[in-house]
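One file, start26.txt, carrying compact mmCIF, N, CA and C atoms:
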```
# COMPACT_ATOMS: atom_id res chain seq x y z
N MET U 1 -1.62 13.84 -24.64
CA MET U 1 -0.94 15.06 -24.32
C MET U 1 -0.24 15.61 -25.56
N ALA U 2 0.31 14.72 -26.36
CA ALA U 2 0.98 15.17 -27.57
C ALA U 2 -0.03 15.82 -28.52
N LYS U 3 -1.22 15.23 -28.63
CA LYS U 3 -2.24 15.80 -29.50
C LYS U 3 -2.68 17.18 -29.03
N ARG U 4 -2.62 17.43 -27.75
CA ARG U 4 -2.99 18.74 -27.20
C ARG U 4 -1.81 19.70 -27.16
N ASN U 5 -0.64 19.22 -27.59
CA ASN U 5 0.58 20.02 -27.60
C ASN U 5 0.94 20.50 -26.19
N LEU U 6 0.73 19.62 -25.21
CA LEU U 6 1.05 19.96 -23.82
C LEU U 6 2.54 19.72 -23.56
N THR U 7 3.17 20.66 -22.93
CA THR U 7 4.58 20.53 -22.58
C THR U 7 4.76 20.85 -21.11
N GLY U 8 5.92 20.55 -20.59
CA GLY U 8 6.22 20.86 -19.20
C GLY U 8 6.37 19.61 -18.37
N ILE U 9 6.58 19.83 -17.10
CA ILE U 9 6.80 18.74 -16.15
C ILE U 9 5.48 18.37 -15.48
N ARG U 10 5.18 17.08 -15.48
CA ARG U 10 3.98 16.58 -14.82
C ARG U 10 4.32 15.30 -14.09
N ASN U 11 3.70 15.12 -12.93
CA ASN U 11 3.83 13.86 -12.20
C ASN U 11 2.74 12.91 -12.72
N PHE U 12 3.16 11.82 -13.32
CA PHE U 12 2.21 10.85 -13.85
C PHE U 12 1.83 9.87 -12.75
N THR U 13 0.91 10.31 -11.93
CA THR U 13 0.46 9.52 -10.80
C THR U 13 -1.00 9.84 -10.51
N ASN U 14 -1.68 8.89 -9.96
CA ASN U 14 -3.07 9.14 -9.56
C ASN U 14 -3.08 9.92 -8.25
N PRO U 15 -4.11 10.71 -8.02
CA PRO U 15 -4.20 11.45 -6.76
C PRO U 15 -4.32 10.49 -5.57
N GLY U 16 -3.72 10.88 -4.46
CA GLY U 16 -3.82 10.10 -3.24
C GLY U 16 -2.55 9.32 -2.94
N VAL U 17 -2.61 8.58 -1.86
CA VAL U 17 -1.47 7.77 -1.43
C VAL U 17 -1.92 6.35 -1.13
N VAL U 18 -0.98 5.44 -1.19
CA VAL U 18 -1.23 4.04 -0.83
C VAL U 18 -0.03 3.59 0.00
N SER U 19 -0.30 2.88 1.07
CA SER U 19 0.77 2.47 1.97
C SER U 19 1.32 1.09 1.59
N HIS U 20 2.49 0.81 2.12
CA HIS U 20 3.12 -0.49 1.93
C HIS U 20 2.21 -1.60 2.44
N ASN U 21 1.61 -1.39 3.60
CA ASN U 21 0.71 -2.40 4.15
C ASN U 21 -0.52 -2.62 3.28
N GLU U 22 -1.05 -1.56 2.67
CA GLU U 22 -2.21 -1.72 1.79
C GLU U 22 -1.85 -2.60 0.60
N ILE U 23 -0.67 -2.42 0.04
CA ILE U 23 -0.24 -3.25 -1.09
C ILE U 23 -0.11 -4.70 -0.65
N LEU U 24 0.50 -4.92 0.50
CA LEU U 24 0.65 -6.29 1.00
C LEU U 24 -0.70 -6.93 1.30
N GLU U 25 -1.62 -6.16 1.84
CA GLU U 25 -2.97 -6.68 2.11
C GLU U 25 -3.68 -7.06 0.82
N MET U 26 -3.52 -6.26 -0.23
CA MET U 26 -4.12 -6.60 -1.53
C MET U 26 -3.50 -7.87 -2.09
N TYR U 27 -2.17 -8.00 -1.95
CA TYR U 27 -1.50 -9.21 -2.41
C TYR U 27 -2.09 -10.43 -1.71
N ARG U 28 -2.24 -10.32 -0.40
CA ARG U 28 -2.80 -11.44 0.36
C ARG U 28 -4.24 -11.73 -0.06
N GLU U 29 -5.02 -10.69 -0.26
CA GLU U 29 -6.43 -10.87 -0.61
C GLU U 29 -6.61 -11.51 -1.98
N PHE U 30 -5.83 -11.07 -2.97
CA PHE U 30 -6.06 -11.50 -4.35
C PHE U 30 -5.10 -12.57 -4.86
N ILE U 31 -3.93 -12.70 -4.25
CA ILE U 31 -2.93 -13.61 -4.79
C ILE U 31 -2.66 -14.80 -3.88
N ASP U 32 -2.33 -14.53 -2.63
CA ASP U 32 -1.90 -15.61 -1.74
C ASP U 32 -2.47 -15.39 -0.34
N PRO U 33 -3.61 -16.01 -0.02
CA PRO U 33 -4.25 -15.82 1.28
C PRO U 33 -3.37 -16.24 2.47
N SER U 34 -2.37 -17.07 2.22
CA SER U 34 -1.50 -17.51 3.32
C SER U 34 -0.31 -16.58 3.55
N PHE U 35 -0.16 -15.56 2.71
CA PHE U 35 0.96 -14.63 2.82
C PHE U 35 0.89 -13.84 4.13
N THR U 36 2.01 -13.76 4.82
CA THR U 36 2.09 -12.97 6.05
C THR U 36 3.33 -12.09 6.00
N TRP U 37 3.35 -11.07 6.82
CA TRP U 37 4.51 -10.19 6.95
C TRP U 37 4.52 -9.62 8.35
N LYS U 38 5.66 -9.09 8.72
CA LYS U 38 5.80 -8.47 10.03
C LYS U 38 6.42 -7.09 9.83
N ASN U 39 5.74 -6.08 10.30
CA ASN U 39 6.29 -4.73 10.24
C ASN U 39 7.33 -4.57 11.34
N PHE U 40 8.32 -3.73 11.07
CA PHE U 40 9.31 -3.44 12.09
C PHE U 40 9.10 -2.03 12.62
N THR U 41 9.59 -1.80 13.82
CA THR U 41 9.41 -0.49 14.46
C THR U 41 10.45 0.49 13.92
N LEU U 42 10.26 1.76 14.22
CA LEU U 42 11.24 2.78 13.82
C LEU U 42 12.61 2.49 14.46
N GLU U 43 12.61 1.93 15.65
CA GLU U 43 13.87 1.59 16.31
C GLU U 43 14.58 0.44 15.60
N GLU U 44 13.81 -0.50 15.06
CA GLU U 44 14.39 -1.64 14.35
C GLU U 44 14.81 -1.29 12.93
N GLN U 45 14.26 -0.24 12.38
CA GLN U 45 14.46 0.11 10.97
C GLN U 45 15.94 0.17 10.56
N PRO U 46 16.83 0.85 11.28
CA PRO U 46 18.23 0.91 10.83
C PRO U 46 18.91 -0.45 10.77
N LYS U 47 18.41 -1.43 11.52
CA LYS U 47 18.99 -2.77 11.51
C LYS U 47 18.48 -3.60 10.33
N VAL U 48 17.35 -3.19 9.75
CA VAL U 48 16.68 -3.99 8.72
C VAL U 48 16.96 -3.47 7.31
N ILE U 49 16.99 -2.15 7.15
CA ILE U 49 17.19 -1.57 5.81
C ILE U 49 18.46 -0.73 5.77
N VAL U 50 19.03 -0.60 4.59
CA VAL U 50 20.31 0.10 4.42
C VAL U 50 20.14 1.61 4.50
N ALA U 51 19.15 2.15 3.82
CA ALA U 51 18.93 3.60 3.78
C ALA U 51 17.66 3.96 4.54
N PRO U 52 17.58 5.17 5.06
CA PRO U 52 16.34 5.58 5.74
C PRO U 52 15.14 5.52 4.80
N ARG U 53 14.00 5.23 5.35
CA ARG U 53 12.77 5.13 4.56
C ARG U 53 12.32 6.51 4.11
N SER U 54 11.82 6.58 2.90
CA SER U 54 11.32 7.83 2.35
C SER U 54 9.87 7.64 1.91
N ASN U 55 8.97 8.38 2.51
CA ASN U 55 7.56 8.34 2.12
C ASN U 55 7.27 9.59 1.32
N ASN U 56 6.74 9.42 0.12
CA ASN U 56 6.52 10.56 -0.77
C ASN U 56 5.12 10.54 -1.36
N GLU U 57 4.63 11.72 -1.64
CA GLU U 57 3.37 11.87 -2.36
C GLU U 57 3.62 12.86 -3.49
N LEU U 58 3.43 12.41 -4.72
CA LEU U 58 3.60 13.29 -5.87
C LEU U 58 2.34 14.12 -6.08
N ASP U 59 2.50 15.31 -6.59
CA ASP U 59 1.37 16.22 -6.80
C ASP U 59 0.87 16.11 -8.24
N PRO U 60 -0.32 15.54 -8.44
CA PRO U 60 -0.86 15.37 -9.79
C PRO U 60 -1.75 16.53 -10.25
N THR U 61 -1.67 17.69 -9.60
CA THR U 61 -2.58 18.80 -9.89
C THR U 61 -2.57 19.19 -11.36
N LYS U 62 -1.38 19.34 -11.96
CA LYS U 62 -1.32 19.73 -13.38
C LYS U 62 -1.95 18.68 -14.28
N LEU U 63 -1.68 17.42 -13.99
CA LEU U 63 -2.24 16.33 -14.78
C LEU U 63 -3.76 16.28 -14.61
N LYS U 64 -4.23 16.45 -13.39
CA LYS U 64 -5.66 16.41 -13.09
C LYS U 64 -6.39 17.58 -13.76
N THR U 65 -5.73 18.71 -13.92
CA THR U 65 -6.33 19.86 -14.60
C THR U 65 -6.63 19.51 -16.06
N GLU U 66 -5.72 18.80 -16.70
CA GLU U 66 -5.90 18.41 -18.10
C GLU U 66 -6.80 17.19 -18.25
N PHE U 67 -6.78 16.32 -17.26
CA PHE U 67 -7.54 15.07 -17.32
C PHE U 67 -8.35 14.91 -16.03
N PRO U 68 -9.47 15.63 -15.90
CA PRO U 68 -10.25 15.60 -14.66
C PRO U 68 -10.84 14.22 -14.35
N GLU U 69 -10.88 13.35 -15.33
CA GLU U 69 -11.43 12.00 -15.10
C GLU U 69 -10.42 11.08 -14.40
N LEU U 70 -9.22 11.56 -14.14
CA LEU U 70 -8.19 10.78 -13.45
C LEU U 70 -8.71 10.31 -12.09
N LEU U 71 -8.69 9.00 -11.89
CA LEU U 71 -9.26 8.42 -10.66
C LEU U 71 -8.26 8.43 -9.51
N PRO U 72 -8.75 8.54 -8.28
CA PRO U 72 -7.88 8.45 -7.10
C PRO U 72 -7.24 7.07 -7.00
N ILE U 73 -6.07 7.01 -6.40
CA ILE U 73 -5.32 5.76 -6.29
C ILE U 73 -6.11 4.67 -5.57
N LYS U 74 -6.91 5.03 -4.59
CA LYS U 74 -7.68 4.02 -3.84
C LYS U 74 -8.68 3.30 -4.74
N ILE U 75 -9.19 3.98 -5.74
CA ILE U 75 -10.14 3.37 -6.68
C ILE U 75 -9.40 2.61 -7.77
N ILE U 76 -8.38 3.22 -8.34
CA ILE U 76 -7.70 2.61 -9.48
C ILE U 76 -6.92 1.36 -9.07
N LYS U 77 -6.42 1.30 -7.84
CA LYS U 77 -5.69 0.09 -7.43
C LYS U 77 -6.61 -1.12 -7.42
N GLN U 78 -7.86 -0.94 -7.00
CA GLN U 78 -8.82 -2.05 -7.01
C GLN U 78 -9.16 -2.46 -8.44
N LYS U 79 -9.31 -1.48 -9.33
CA LYS U 79 -9.60 -1.79 -10.73
C LYS U 79 -8.44 -2.55 -11.37
N CYS U 80 -7.21 -2.15 -11.08
CA CYS U 80 -6.04 -2.82 -11.65
C CYS U 80 -5.94 -4.26 -11.16
N ILE U 81 -6.13 -4.45 -9.87
CA ILE U 81 -6.08 -5.81 -9.32
C ILE U 81 -7.15 -6.68 -9.96
N HIS U 82 -8.33 -6.13 -10.13
CA HIS U 82 -9.42 -6.91 -10.73
C HIS U 82 -9.05 -7.32 -12.15
N VAL U 83 -8.48 -6.41 -12.93
CA VAL U 83 -8.08 -6.72 -14.31
C VAL U 83 -7.03 -7.83 -14.31
N PHE U 84 -6.00 -7.69 -13.47
CA PHE U 84 -4.92 -8.67 -13.46
C PHE U 84 -5.36 -10.03 -12.91
N CYS U 85 -6.28 -10.02 -11.97
CA CYS U 85 -6.68 -11.29 -11.34
C CYS U 85 -7.84 -11.99 -12.05
N TYR U 86 -8.73 -11.22 -12.65
CA TYR U 86 -9.96 -11.82 -13.16
C TYR U 86 -10.20 -11.63 -14.66
N ASP U 87 -9.70 -10.56 -15.23
CA ASP U 87 -10.04 -10.26 -16.62
C ASP U 87 -9.00 -10.69 -17.64
N MET U 88 -7.80 -11.03 -17.20
CA MET U 88 -6.75 -11.42 -18.15
C MET U 88 -6.85 -12.91 -18.41
N PRO U 89 -6.58 -13.31 -19.65
CA PRO U 89 -6.65 -14.75 -19.98
C PRO U 89 -5.55 -15.54 -19.30
```
Would you mind writing the structure in this file as structure tokens?
Amino acid sequence: MAKRNLTGIRNFTNPGVVSHNEILEMYREFIDPSFTWKNFTLEEQPKVIVAPRSNNELDPTKLKTEFPELLPIKIIKQKCIHVFCYDMP
């Protein structure tokens, strides 16, 4: 971006969303097959966490315009896990 003299505000994120459960499922699949968790209901939430839950999706449109090869989060998360689990010494 510096070489292209790009300025302004951009969200540095891959397109798409990934859920908390998807991350936990990947952890179980690649790191610890015995790992388990229990989700809580919306009614239980105030008893379990201090602040209300915030689900957000950042808009990568400006970044994607400059870098159309930017991969969706669903693809890149698998590539990252593969690198960390299998390709690193």
### Query
Hey, what's within 9 Å of stretch 24-40 of chain U if we count only C-alpha atoms and toss same-chain stuff fewer than 4 positions away? As a ChimeraX atom specification, please?
/U:19-20,44-45,48,78,81-82,85
### Task
Work out how far atom N of U:Leu63 is from atom CA of U:Arg10, in Å to one decimal.
5.8 Å
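DSSP annotation of stretch 7-63 of chain U from backbone atoms: helix (DSSP H, G or I) residues are His20, Asn21, Glu22, Ile23, Leu24, Glu25, Met26, Tyr27, Arg28, Glu29, Phe30, Gln45, Pro46, Lys47, Val48, Thr61, Lys62 and Leu63 of chain U.
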### Atomic separation - atom CA of U:Lys62 relative to atom CA of U:Glu22, Å
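Distance reported for this atom pair: 26.3 Å.
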### Task
Just give me the gap between atom C of U:Ile76 and atom C of U:Pro15 in Å, one decimal is fine.
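These two atoms are separated by 10.1 Å.
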